[in-house]
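**Student:** The structure file input_24.txt (compact mmCIF, C-alpha atoms and all ligand atoms) is provided below.
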```txt
# COMPACT_ATOMS: atom_id res chain seq x y z
CA MET A 1 17.08 -18.81 -12.60
CA LYS A 2 18.44 -15.28 -13.00
CA PHE A 3 19.00 -12.82 -10.17
CA ASP A 4 19.97 -9.87 -12.39
CA LEU A 5 17.55 -7.22 -13.59
CA ASN A 6 17.27 -6.93 -17.35
CA GLU A 7 18.09 -3.59 -18.99
CA GLU A 8 14.53 -2.29 -18.97
CA GLN A 9 13.98 -3.26 -15.33
CA ALA A 10 17.24 -1.61 -14.28
CA GLU A 11 16.15 1.55 -16.14
CA ILE A 12 12.78 1.61 -14.36
CA ARG A 13 14.48 1.15 -10.97
CA ASP A 14 17.07 3.84 -11.68
CA MET A 15 14.47 6.28 -13.01
CA VAL A 16 12.32 5.91 -9.87
CA ARG A 17 15.41 6.05 -7.65
CA ARG A 18 16.45 9.38 -9.20
CA PHE A 19 12.90 10.70 -8.97
CA THR A 20 12.68 9.70 -5.29
CA GLU A 21 16.02 11.31 -4.44
CA GLN A 22 15.10 14.55 -6.20
CA GLU A 23 11.38 14.96 -5.59
CA ILE A 24 10.48 12.95 -2.48
CA THR A 25 13.31 12.38 0.01
CA PRO A 26 14.13 16.09 0.50
CA HIS A 27 10.48 16.84 1.44
CA ALA A 28 9.37 13.73 3.31
CA GLU A 29 10.21 15.05 6.77
CA SER A 30 8.25 18.25 6.20
CA TRP A 31 5.25 16.39 4.75
CA ASP A 32 5.25 14.18 7.85
CA GLU A 33 5.57 17.16 10.20
CA HIS A 34 2.73 19.09 8.54
CA ASN A 35 0.43 16.18 7.61
CA HIS A 36 0.79 17.34 4.02
CA PHE A 37 -0.55 15.16 1.22
CA PRO A 38 1.70 15.90 -1.78
CA ARG A 39 -0.87 15.77 -4.62
CA GLU A 40 1.62 17.43 -6.96
CA ILE A 41 3.92 14.40 -6.66
CA TYR A 42 1.16 12.19 -8.06
CA SER A 43 0.97 14.35 -11.20
CA LYS A 44 4.72 13.94 -11.60
CA MET A 45 4.44 10.18 -11.04
CA ALA A 46 1.80 10.12 -13.79
CA GLU A 47 4.34 11.65 -16.18
CA LEU A 48 6.62 8.70 -15.39
CA GLY A 49 3.80 6.24 -16.15
CA LEU A 50 3.41 5.13 -12.52
CA MET A 51 -0.31 5.90 -12.11
CA GLY A 52 -1.43 3.05 -14.37
CA MET A 53 1.30 0.55 -13.65
CA ALA A 54 -0.84 -2.59 -13.50
CA THR A 55 -3.04 -1.42 -16.37
CA ALA A 56 -2.66 -2.43 -20.01
CA GLU A 57 -1.30 0.10 -22.49
CA GLU A 58 -4.56 0.07 -24.52
CA ASP A 59 -6.34 1.42 -21.42
CA GLY A 60 -3.77 4.19 -21.01
CA GLY A 61 -1.58 2.34 -18.51
CA SER A 62 2.06 1.38 -18.73
CA GLY A 63 1.46 -2.37 -18.37
CA LEU A 64 4.34 -3.05 -15.99
CA SER A 65 4.72 -6.51 -14.51
CA ARG A 66 4.20 -7.10 -10.79
CA PHE A 67 7.92 -7.58 -10.49
CA GLU A 68 8.62 -4.19 -12.07
CA GLY A 69 5.95 -2.73 -9.79
CA ALA A 70 7.82 -4.13 -6.78
CA LEU A 71 10.97 -2.31 -7.91
CA VAL A 72 8.99 0.94 -8.12
CA TYR A 73 7.33 0.62 -4.69
CA GLU A 74 10.62 -0.24 -3.00
CA GLU A 75 12.38 2.79 -4.46
CA LEU A 76 9.57 5.23 -3.62
CA ALA A 77 9.31 3.89 -0.06
CA LYS A 78 12.97 4.66 0.55
CA GLY A 79 11.95 8.31 0.32
CA ASP A 80 8.44 8.27 1.78
CA MET A 81 6.43 5.19 2.67
CA ALA A 82 3.15 7.16 2.59
CA THR A 83 3.62 8.14 -1.07
CA SER A 84 4.44 4.57 -2.04
CA VAL A 85 1.34 3.28 -0.21
CA GLY A 86 -0.89 5.98 -1.74
CA LEU A 87 0.32 4.96 -5.19
CA SER A 88 -0.26 1.26 -4.46
CA VAL A 89 -3.88 1.95 -3.46
CA HIS A 90 -4.41 4.11 -6.55
CA ASN A 91 -3.04 1.39 -8.83
CA MET A 92 -5.20 -1.26 -7.14
CA VAL A 93 -8.26 0.83 -7.98
CA THR A 94 -7.14 1.57 -11.55
CA GLY A 95 -6.30 -2.09 -12.14
CA SER A 96 -9.63 -3.34 -10.72
CA ILE A 97 -11.72 -1.01 -12.88
CA ALA A 98 -9.62 -1.96 -15.92
CA ARG A 99 -10.19 -5.67 -15.20
CA PHE A 100 -13.84 -5.67 -14.21
CA GLY A 101 -15.21 -2.54 -15.90
CA ASP A 102 -17.12 -2.48 -19.19
CA ALA A 103 -15.87 -0.33 -22.10
CA GLU A 104 -17.81 2.73 -20.88
CA GLN A 105 -16.46 2.44 -17.34
CA ARG A 106 -12.90 1.97 -18.56
CA LYS A 107 -13.23 5.11 -20.68
CA ARG A 108 -14.82 7.07 -17.83
CA TRP A 109 -12.36 6.13 -15.10
CA VAL A 110 -9.35 4.06 -16.15
CA ALA A 111 -7.81 6.41 -18.71
CA PRO A 112 -8.05 9.51 -16.44
CA LEU A 113 -6.81 7.50 -13.43
CA ALA A 114 -3.83 6.18 -15.40
CA ALA A 115 -3.11 9.71 -16.65
CA GLY A 116 -3.10 11.00 -13.07
CA GLU A 117 -6.06 13.33 -13.74
CA LEU A 118 -8.00 11.35 -11.12
CA LEU A 119 -6.76 9.76 -7.91
CA GLY A 120 -8.23 6.48 -6.61
CA ALA A 121 -9.19 5.16 -3.15
CA PHE A 122 -10.28 1.68 -2.04
CA SER A 123 -12.99 1.26 0.58
CA LEU A 124 -13.63 -2.18 2.07
CA SER A 125 -13.13 -1.78 5.86
CA GLU A 126 -15.75 -0.52 8.31
CA ALA A 127 -15.76 0.18 12.05
CA GLY A 128 -17.24 -3.27 12.73
CA SER A 129 -15.52 -5.22 9.95
CA GLY A 130 -11.76 -5.22 9.53
CA SER A 131 -10.15 -8.66 9.33
CA ASP A 132 -13.64 -10.12 8.91
CA ALA A 133 -14.23 -7.89 5.90
CA ALA A 134 -17.09 -10.00 4.51
CA SER A 135 -19.30 -8.97 7.45
CA LEU A 136 -19.52 -5.37 6.21
CA GLN A 137 -22.81 -3.54 6.73
CA CYS A 138 -22.85 -0.49 4.44
CA GLN A 139 -26.10 -0.89 2.47
CA ALA A 140 -26.71 -0.54 -1.26
CA GLU A 141 -30.47 -0.85 -1.72
CA ARG A 142 -31.69 -1.37 -5.27
CA ARG A 143 -34.40 1.05 -6.46
CA ASN A 144 -35.31 0.40 -10.09
CA ASP A 145 -32.13 1.10 -12.03
CA ASP A 146 -30.42 2.90 -9.15
CA TYR A 147 -28.80 1.98 -5.84
CA VAL A 148 -29.25 3.99 -2.65
CA ILE A 149 -26.17 3.83 -0.42
CA ASN A 150 -26.41 4.28 3.36
CA GLY A 151 -23.69 3.65 5.94
CA THR A 152 -20.14 4.54 6.84
CA LYS A 153 -16.75 3.17 5.84
CA MET A 154 -13.50 3.53 7.77
CA TRP A 155 -9.76 3.73 7.29
CA VAL A 156 -9.82 4.86 3.66
CA THR A 157 -6.34 5.76 2.39
CA ASN A 158 -6.30 8.81 0.05
CA ALA A 159 -9.84 9.71 1.23
CA GLY A 160 -10.79 13.34 0.77
CA GLU A 161 -8.04 13.80 -1.80
CA ALA A 162 -9.13 10.99 -4.13
CA ASP A 163 -11.65 11.49 -6.93
CA ALA A 164 -12.82 7.89 -7.56
CA TYR A 165 -13.71 5.51 -4.69
CA LEU A 166 -14.00 1.76 -5.12
CA LEU A 167 -16.76 0.99 -2.61
CA MET A 168 -17.79 -2.44 -1.32
CA ALA A 169 -21.40 -2.36 -0.10
CA ARG A 170 -24.06 -4.91 0.79
CA THR A 171 -26.82 -5.54 -1.74
CA SER A 172 -28.16 -8.71 -0.02
CA VAL A 173 -28.52 -9.16 3.72
CA GLY A 174 -27.76 -12.62 5.14
CA LYS A 175 -25.68 -13.71 2.16
CA GLY A 176 -22.23 -12.95 3.63
CA ALA A 177 -19.52 -12.40 1.02
CA ALA A 178 -21.93 -13.27 -1.80
CA GLY A 179 -24.12 -10.29 -0.85
CA ILE A 180 -21.42 -7.68 -1.48
CA THR A 181 -21.34 -5.52 -4.61
CA CYS A 182 -18.65 -3.15 -5.85
CA PHE A 183 -19.31 0.44 -6.97
CA VAL A 184 -17.23 3.32 -8.23
CA VAL A 185 -18.27 6.53 -6.50
CA ASP A 186 -17.16 9.95 -7.70
CA LYS A 187 -16.17 12.57 -5.16
CA GLY A 188 -18.90 15.20 -5.07
CA THR A 189 -21.79 12.75 -5.56
CA PRO A 190 -24.73 14.08 -3.47
CA GLY A 191 -25.10 12.13 -0.22
CA PHE A 192 -21.39 11.20 -0.15
CA SER A 193 -19.21 13.07 2.35
CA PHE A 194 -16.11 12.59 4.49
CA GLY A 195 -15.87 12.07 8.24
CA LYS A 196 -12.96 12.64 10.54
CA THR A 197 -9.36 12.38 9.42
CA GLU A 198 -7.54 9.85 11.60
CA ARG A 199 -4.67 11.17 13.76
CA LYS A 200 -2.13 8.43 13.26
CA MET A 201 1.16 7.23 14.78
CA GLY A 202 2.84 7.63 11.39
CA LEU A 203 2.18 7.79 7.67
CA HIS A 204 1.19 11.41 8.24
CA SER A 205 1.35 12.45 4.62
CA SER A 206 -1.25 9.81 3.74
CA PRO A 207 -4.78 10.90 4.66
CA THR A 208 -6.92 8.18 6.29
CA ARG A 209 -10.59 9.12 6.57
CA GLU A 210 -14.09 7.89 7.12
CA LEU A 211 -16.62 7.90 4.25
CA ILE A 212 -20.25 8.76 5.00
CA PHE A 213 -23.15 7.78 2.74
CA GLU A 214 -26.60 9.26 3.39
CA ASP A 215 -29.18 8.35 0.75
CA CYS A 216 -26.47 8.57 -1.86
CA VAL A 217 -27.97 7.56 -5.23
CA LEU A 218 -25.75 5.75 -7.71
CA SER A 219 -26.85 4.57 -11.12
CA SER A 220 -26.14 1.03 -12.26
CA ALA A 221 -23.45 2.55 -14.51
CA ASN A 222 -21.48 2.96 -11.25
CA ARG A 223 -21.70 -0.76 -10.44
CA LEU A 224 -18.49 -2.64 -11.21
CA GLY A 225 -19.17 -6.23 -12.26
CA GLU A 226 -22.33 -8.05 -11.28
CA GLU A 227 -24.35 -7.84 -8.07
CA GLY A 228 -22.70 -10.10 -5.48
CA GLN A 229 -19.32 -10.01 -7.22
CA GLY A 230 -17.88 -7.25 -5.00
CA PHE A 231 -15.97 -9.42 -2.55
CA LYS A 232 -14.41 -11.35 -5.40
CA ILE A 233 -13.31 -8.06 -6.96
CA ALA A 234 -11.85 -6.92 -3.62
CA LEU A 235 -10.02 -10.23 -3.16
CA SER A 236 -8.72 -10.25 -6.73
CA SER A 237 -6.40 -7.34 -6.03
CA LEU A 238 -5.27 -8.71 -2.67
CA ASP A 239 -2.28 -10.82 -3.74
CA GLY A 240 -0.89 -7.94 -5.80
CA GLY A 241 -1.58 -5.46 -2.99
CA ARG A 242 0.26 -7.67 -0.49
CA ILE A 243 3.27 -7.95 -2.77
CA ASN A 244 3.25 -4.14 -3.11
CA ILE A 245 3.21 -3.69 0.66
CA GLY A 246 6.04 -6.24 0.99
CA ALA A 247 8.05 -4.17 -1.50
CA VAL A 248 7.21 -0.96 0.37
CA ALA A 249 8.47 -2.57 3.60
CA VAL A 250 11.72 -3.62 1.92
CA GLY A 251 12.26 -0.01 0.81
CA VAL A 252 11.70 1.43 4.30
CA ALA A 253 13.92 -1.23 5.89
CA GLN A 254 16.68 -0.60 3.34
CA ALA A 255 16.57 3.14 4.00
CA ALA A 256 16.75 2.60 7.77
CA PHE A 257 19.60 0.12 7.36
CA GLU A 258 21.64 2.60 5.31
CA VAL A 259 21.27 5.33 7.95
CA ALA A 260 22.28 2.84 10.66
CA CYS A 261 25.35 1.67 8.69
CA ASN A 262 26.56 5.23 8.08
CA HIS A 263 26.09 6.06 11.74
CA ALA A 264 27.99 2.92 12.80
CA ARG A 265 30.93 4.04 10.65
CA GLU A 266 30.97 7.62 11.92
CA ARG A 267 29.87 7.69 15.55
CA GLN A 268 32.81 7.24 17.93
CA GLN A 269 32.55 5.93 21.48
CA PHE A 270 35.28 4.48 23.73
CA GLY A 271 37.80 5.63 21.12
CA HIS A 272 36.34 3.55 18.25
CA PRO A 273 33.55 3.81 15.69
CA ILE A 274 30.56 2.02 17.21
CA GLY A 275 30.62 -0.24 14.10
CA ALA A 276 33.77 -1.80 15.55
CA PHE A 277 31.71 -3.28 18.40
CA GLN A 278 30.37 -6.77 17.82
CA GLY A 279 27.03 -5.92 19.45
CA ILE A 280 26.41 -3.34 16.70
CA GLN A 281 27.92 -5.50 13.94
CA PHE A 282 25.56 -8.38 14.71
CA MET A 283 22.55 -6.06 14.61
CA LEU A 284 23.61 -4.75 11.19
CA ALA A 285 24.35 -8.26 9.89
CA ASP A 286 20.89 -9.47 10.97
CA MET A 287 19.28 -6.44 9.33
CA ALA A 288 21.10 -7.06 6.01
CA MET A 289 20.24 -10.76 6.07
CA LYS A 290 16.54 -10.28 6.73
CA ILE A 291 16.16 -7.43 4.23
CA GLU A 292 17.71 -9.57 1.51
CA ALA A 293 15.45 -12.52 2.42
CA SER A 294 12.40 -10.20 2.35
CA ARG A 295 13.34 -8.83 -1.05
CA LEU A 296 13.69 -12.33 -2.49
CA LEU A 297 10.30 -13.39 -1.07
CA VAL A 298 8.72 -10.29 -2.64
CA TYR A 299 10.39 -11.00 -5.98
CA GLU A 300 9.33 -14.64 -5.94
CA ALA A 301 5.69 -13.81 -5.15
CA ALA A 302 5.69 -11.16 -7.91
CA TYR A 303 7.23 -13.65 -10.33
CA LYS A 304 4.51 -16.20 -9.56
CA LEU A 305 1.72 -13.66 -10.07
CA ASP A 306 3.30 -12.54 -13.37
CA ALA A 307 3.62 -16.17 -14.50
CA GLY A 308 -0.07 -16.80 -13.76
CA GLN A 309 0.75 -19.27 -10.97
CA ARG A 310 -1.08 -19.53 -7.64
CA ALA A 311 0.53 -16.80 -5.59
CA SER A 312 -1.64 -16.35 -2.47
CA MET A 313 0.65 -18.19 -0.06
CA SER A 314 3.77 -16.56 -1.50
CA ALA A 315 2.15 -13.12 -1.39
CA ALA A 316 1.14 -13.67 2.25
CA MET A 317 4.65 -14.88 3.14
CA ALA A 318 6.26 -11.93 1.38
CA LYS A 319 3.95 -9.39 3.05
CA CYS A 320 4.23 -10.92 6.50
CA PHE A 321 7.98 -11.54 6.51
CA ALA A 322 8.93 -8.24 4.86
CA THR A 323 6.76 -6.12 7.16
CA ASP A 324 7.82 -7.96 10.34
CA THR A 325 11.41 -7.51 9.16
CA ALA A 326 10.90 -3.82 8.44
CA MET A 327 9.47 -3.30 11.94
CA GLU A 328 12.48 -5.05 13.48
CA VAL A 329 15.01 -3.29 11.25
CA THR A 330 13.61 0.20 11.81
CA THR A 331 13.42 -0.40 15.58
CA ASN A 332 17.03 -1.59 15.62
CA ALA A 333 18.11 1.31 13.40
CA VAL A 334 16.80 3.65 16.12
CA GLN A 335 18.81 1.59 18.61
CA VAL A 336 22.03 1.87 16.58
CA LEU A 337 21.63 5.66 16.53
CA GLY A 338 21.00 5.80 20.30
CA GLY A 339 19.45 9.11 21.41
CA ALA A 340 19.93 10.53 17.91
CA GLY A 341 17.60 7.82 16.61
CA TYR A 342 14.80 8.89 18.91
CA VAL A 343 14.67 12.50 17.73
CA ARG A 344 13.65 13.96 14.41
CA ASP A 345 17.15 15.02 13.29
CA TYR A 346 17.39 11.62 11.59
CA PRO A 347 14.62 9.89 9.62
CA VAL A 348 14.77 6.53 11.43
CA GLU A 349 12.10 7.39 14.03
CA ARG A 350 9.75 8.30 11.12
CA TYR A 351 10.54 5.03 9.37
CA MET A 352 9.71 3.14 12.57
CA ARG A 353 6.43 5.03 13.14
CA ASP A 354 5.43 4.70 9.49
CA VAL A 355 6.17 1.04 8.99
CA LYS A 356 4.17 -0.24 11.99
CA VAL A 357 0.98 0.01 9.96
CA ALA A 358 2.37 -2.33 7.31
CA GLN A 359 1.90 -5.16 9.83
CA ILE A 360 -1.76 -4.12 10.12
CA PHE A 361 -3.21 -3.14 6.74
CA GLU A 362 -3.65 -5.20 3.58
CA GLY A 363 -4.59 -8.01 6.00
CA THR A 364 -2.90 -8.07 9.43
CA ASN A 365 0.10 -10.32 9.84
CA GLN A 366 -2.04 -12.69 11.92
CA ILE A 367 -4.35 -12.99 8.90
CA GLN A 368 -1.33 -13.61 6.62
CA ARG A 369 -0.29 -16.48 8.90
CA ILE A 370 -3.82 -17.87 8.66
CA VAL A 371 -3.60 -17.70 4.84
CA ILE A 372 -0.26 -19.52 4.93
CA ALA A 373 -1.48 -22.16 7.42
CA ARG A 374 -4.62 -22.79 5.34
CA ALA A 375 -2.51 -23.26 2.22
CA LEU A 376 -0.45 -25.80 4.17
CA LEU A 377 -3.19 -27.64 6.06
CA GLY A 378 -6.46 -26.78 4.35
CA ASN A 379 -9.34 -25.18 6.25
CA MET A 380 -9.48 -27.25 9.44
CA ARG A 381 -12.61 -25.66 10.93
C1 LIG N 401 -3.41 3.71 8.13
C2 LIG N 401 -4.44 2.71 7.66
C3 LIG N 401 -4.84 2.73 6.33
C4 LIG N 401 -5.81 1.82 5.88
N1 LIG N 401 -6.24 1.90 4.59
C5 LIG N 401 -7.32 1.16 4.20
C6 LIG N 401 -7.91 1.36 2.91
O1 LIG N 401 -7.44 2.16 2.09
N2 LIG N 401 -9.03 0.65 2.61
C7 LIG N 401 -9.59 -0.24 3.47
O2 LIG N 401 -10.60 -0.84 3.14
N3 LIG N 401 -9.04 -0.47 4.69
C8 LIG N 401 -7.92 0.21 5.07
N4 LIG N 401 -7.37 0.03 6.33
C9 LIG N 401 -7.99 -0.92 7.24
C10 LIG N 401 -7.15 -2.15 7.48
O3 LIG N 401 -7.20 -2.99 6.37
C11 LIG N 401 -7.68 -2.81 8.76
O4 LIG N 401 -7.26 -2.00 9.84
C12 LIG N 401 -7.16 -4.22 8.93
O5 LIG N 401 -7.73 -5.07 7.98
C13 LIG N 401 -7.44 -4.78 10.33
O6 LIG N 401 -8.75 -4.60 10.69
P1 LIG N 401 -9.11 -3.97 12.14
O7 LIG N 401 -8.31 -2.72 12.27
O8 LIG N 401 -10.59 -3.86 12.22
O9 LIG N 401 -8.55 -4.98 13.17
P2 LIG N 401 -9.32 -6.29 13.73
O10 LIG N 401 -9.80 -7.11 12.59
O11 LIG N 401 -10.29 -5.87 14.76
O12 LIG N 401 -8.11 -7.06 14.42
C14 LIG N 401 -7.63 -6.74 15.73
C15 LIG N 401 -6.55 -7.76 16.07
O13 LIG N 401 -7.13 -9.08 16.08
C16 LIG N 401 -6.40 -9.92 15.21
N5 LIG N 401 -7.31 -10.91 14.59
C17 LIG N 401 -8.49 -10.69 13.98
N6 LIG N 401 -9.01 -11.85 13.53
C18 LIG N 401 -8.12 -12.83 13.87
C19 LIG N 401 -8.09 -14.23 13.71
N7 LIG N 401 -9.05 -14.89 13.05
N8 LIG N 401 -7.02 -14.91 14.22
C20 LIG N 401 -6.03 -14.26 14.86
N9 LIG N 401 -6.01 -12.93 15.05
C21 LIG N 401 -7.04 -12.21 14.56
C22 LIG N 401 -5.80 -8.99 14.18
O14 LIG N 401 -4.68 -9.57 13.53
C23 LIG N 401 -5.43 -7.80 15.05
O15 LIG N 401 -4.19 -8.04 15.68
C24 LIG N 401 -6.36 0.88 6.78
C25 LIG N 401 -5.92 0.85 8.11
C26 LIG N 401 -4.97 1.75 8.55
C27 LIG N 401 -4.56 1.70 10.00
```
Just give me the structure as structure tokens.
Ligand SMILES: Cc1cc2nc3c(=O)[nH]c(=O)nc-3n(C[C@H](O)[C@H](O)[C@H](O)COP(=O)(O)OP(=O)(O)OC[C@H]3O[C@@H](n4cnc5c(N)ncnc54)[C@H](O)[C@@H]3O)c2cc1C
**Tutor:**
Amino acid sequence: MKFDLNEEQAEIRDMVRRFTEQEITPHAESWDEHNHFPREIYSKMAELGLMGMATAEEDGGSGLSRFEGALVYEELAKGDMATSVGLSVHNMVTGSIARFGDAEQRKRWVAPLAAGELLGAFSLSEAGSGSDAASLQCQAERRNDDYVINGTKMWVTNAGEADAYLLMARTSVGKGAAGITCFVVDKGTPGFSFGKTERKMGLHSSPTRELIFEDCVLSSANRLGEEGQGFKIALSSLDGGRINIGAVAVGVAQAAFEVACNHARERQQFGHPIGAFQGIQFMLADMAMKIEASRLLVYEAAYKLDAGQRASMSAAMAKCFATDTAMEVTTNAVQVLGGAGYVRDYPVERYMRDVKVAQIFEGTNQIQRIVIARALLGNMR
């Protein structure tokens, strides 16, 4: 077992670290303040080969491993969690179309997505179906060779800005997960519009919007895979998505930890740096310990996925532990900074607001614990 990065992996990490420090970190506060989605950053990430990370080189991607992907998401999230999450969603979409699309669909969407000419969004959740995603209601009614889509979707990251939407809709009523079919919908398709933009606690530079479908006609060339295969397609990207979010959480936690450490060295009270007090030292030691444990869980889950091993329990553990850790670390980083942590002069309050959602999306952390318990005990109901 090796714990060192090889030369190529170290180069990828260093390249993304430099990019983040130059292009993202200096602007993240302003993007948050102004709810600005930095589309231009995605074009630059495309130049670095990050828009088709999980996609093979013959489809225009850079064919990185999950492990290398984890290095990328961690580094980006140190600058701005929202950008790292937006990229993860985009790569989930690109990867799914590359895996399940026919030659025509790969040509139509995958190459331009991987080149950063198009941006992707993933739409599974609805107002009535979140954790119980298989109960979704958005209808796709077959009419000859076409499908007519009616209904609304919620919580779609990148919505409004994205060009290609992976949509899960119901083609058969009463069939549960087996009645769900996946479509790729282009922005601008008649009958497809956007609802309200959510006003969120954090992640302000990532738009989250509702999708509205009113007699929106899609041809069968927009259907990804077979009828009824949609839930399987959605689930197929889940382990990878959870590992990505674990890596994102590690990045945010690491960034918060570094601010807290610097502050502990510099801030003087009672004639000493506050880092000289054991109460602060123990908080920092716990942060360092849990961040390192999170990172190793993320790496192990990524390794298993890359090696073609069963990775669902590891991915759930990595996502759950890393995001719970990031919530604790960012909260304690605010504490170490005292009043300074609660105001916007330092980034730790943004890290704390942003990272809360990582315990909620990509399957809530209660759902992750269910996945882990089922892997341990089997389905006991
Ligand atoms: C900022 C943001 C971005 C998002 N981006 C996307 C996106 O791009 N695409 C997309 O499809 N979705 C997206 N989502 C939706 C996200 O995946 C859902 O919010 C999430 O799956 C939870 O669903 P819910 O909000 O309906 O909560 P609910 O499912 O209603 O859960 C409410 C609470 O009940 C708990 N709970 C539910 N079932 C159980 C159970 N069986 N046992 C124990 N506890 C349970 C949950 O853990 C949670 O604490 C996004 C959400 C947010 C907030």
**Student:** Give me, as a PyMOL selection string, the set of residues whose atoms come within 6 Å of any atom of ligand LIG 401 (chain N), counting all atoms listed in the file.
**Tutor:** chain A and resi 122-125+129-131+155-157+208+357+360-364+366-367
**Student:** Counting all atoms listed in the file, which residue out of A:Ala260, A:Val173, A:Met168, A:Cys216 sits closest to Lys187 of chain A?
**Tutor:**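 Between A:Ala260, A:Val173, A:Met168, A:Cys216, the residue approaching Lys187 of chain A most closely is A:Cys216.
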**Student:** For Leu87 of chain A, which residue among A:Gln368, A:Asn244, A:Thr25, A:Asn379 is the nearest when counting only C-alpha atoms?
**Tutor:**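 The shortest atom-to-atom distance to Leu87 of chain A comes from A:Asn244.
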**Student:** Could you pull the residues within 9 Å of segment 68-75 of chain A, counting all atoms listed in the file, minus those fewer than 4 positions along the same chain, as a tab-separated table (two decimals) with C-alpha atoms, in the frame of the given file?
**Tutor:**
```
chain	number	residue	atom	x	y	z
A	9	GLN	CA	13.98	-3.26	-15.33
A	10	ALA	CA	17.24	-1.61	-14.28
A	12	ILE	CA	12.78	1.61	-14.36
A	13	ARG	CA	14.48	1.15	-10.97
A	14	ASP	CA	17.07	3.84	-11.68
A	16	VAL	CA	12.32	5.91	-9.87
A	17	ARG	CA	15.41	6.05	-7.65
A	20	THR	CA	12.68	9.70	-5.29
A	50	LEU	CA	3.41	5.13	-12.52
A	53	MET	CA	1.30	0.55	-13.65
A	54	ALA	CA	-0.84	-2.59	-13.50
A	64	LEU	CA	4.34	-3.05	-15.99
A	79	GLY	CA	11.95	8.31	0.32
A	81	MET	CA	6.43	5.19	2.67
A	84	SER	CA	4.44	4.57	-2.04
A	85	VAL	CA	1.34	3.28	-0.21
A	87	LEU	CA	0.32	4.96	-5.19
A	88	SER	CA	-0.26	1.26	-4.46
A	243	ILE	CA	3.27	-7.95	-2.77
A	244	ASN	CA	3.25	-4.14	-3.11
A	245	ILE	CA	3.21	-3.69	0.66
A	246	GLY	CA	6.04	-6.24	0.99
A	247	ALA	CA	8.05	-4.17	-1.50
A	248	VAL	CA	7.21	-0.96	0.37
A	249	ALA	CA	8.47	-2.57	3.60
A	250	VAL	CA	11.72	-3.62	1.92
A	251	GLY	CA	12.26	-0.01	0.81
A	252	VAL	CA	11.70	1.43	4.30
A	254	GLN	CA	16.68	-0.60	3.34
A	298	VAL	CA	8.72	-10.29	-2.64
A	299	TYR	CA	10.39	-11.00	-5.98
A	302	ALA	CA	5.69	-11.16	-7.91
```
**Student:** With a distance cut-off of 12 Å and only C-alpha atoms, select the neighbouring residues of Lys107 of chain A, excluding the residue or stretch itself and same-chain residues fewer than 3 positions from it, and output the selection as a list in words.
**Tutor:** Glu58, Asp59, Gly60, Thr94, Ile97, Ala98, Gly101, Asp102, Ala103, Glu104, Val110, Ala111, Pro112, Leu113, Ala114 and Ala115 of chain A
**Student:** Using all atoms listed in the file, can you tell me which of A:Gly225, A:Pro207, A:Gly241, A:Pro26 comes closest to Met154 of chain A?
**Tutor:** A:Pro207
**Student:** Write out as a PDB file with C-alpha atoms, in the coordinates of the input each polymer residue whose atoms come within 10 Å of Pro190 of chain A, counting only C-alpha atoms; drop sequence neighbours fewer than 5 positions from it.
**Tutor:**
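Listing of out_29.pdb after writing:
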```pdb
ATOM      1  CA  PHE A 213     -23.150   7.780   2.740  1.00  0.00           C
ATOM      2  CA  GLU A 214     -26.600   9.260   3.390  1.00  0.00           C
ATOM      3  CA  ASP A 215     -29.180   8.350   0.750  1.00  0.00           C
ATOM      4  CA  CYS A 216     -26.470   8.570  -1.860  1.00  0.00           C
ATOM      5  CA  VAL A 217     -27.970   7.560  -5.230  1.00  0.00           C
ATOM      6  CA  LEU A 218     -25.750   5.750  -7.710  1.00  0.00           C
TER       7      LEU A 218
END
```
**Student:** Quick check, in Å to one decimal: how far apart do atom CA of Gly95 of chain A and atom CA of Gly378 of chain A lie?
**Tutor:** 29.7 Å
**Student:** Neighbouring residues of Gly195 of chain A were defined as those with any atom within 7 Å, considering all atoms listed in the file; residues of the same chain fewer than 6 positions away were excluded. Please report them as a PyMOL selection string.
**Tutor:** chain A and resi 209-212
**Student:** In file coordinates, which residues lie within 6 Å of (1.4, 13.5, -14.7) using all atoms listed in the file, given as a PyMOL selection string?
**Tutor:** chain A and resi 43-47+116
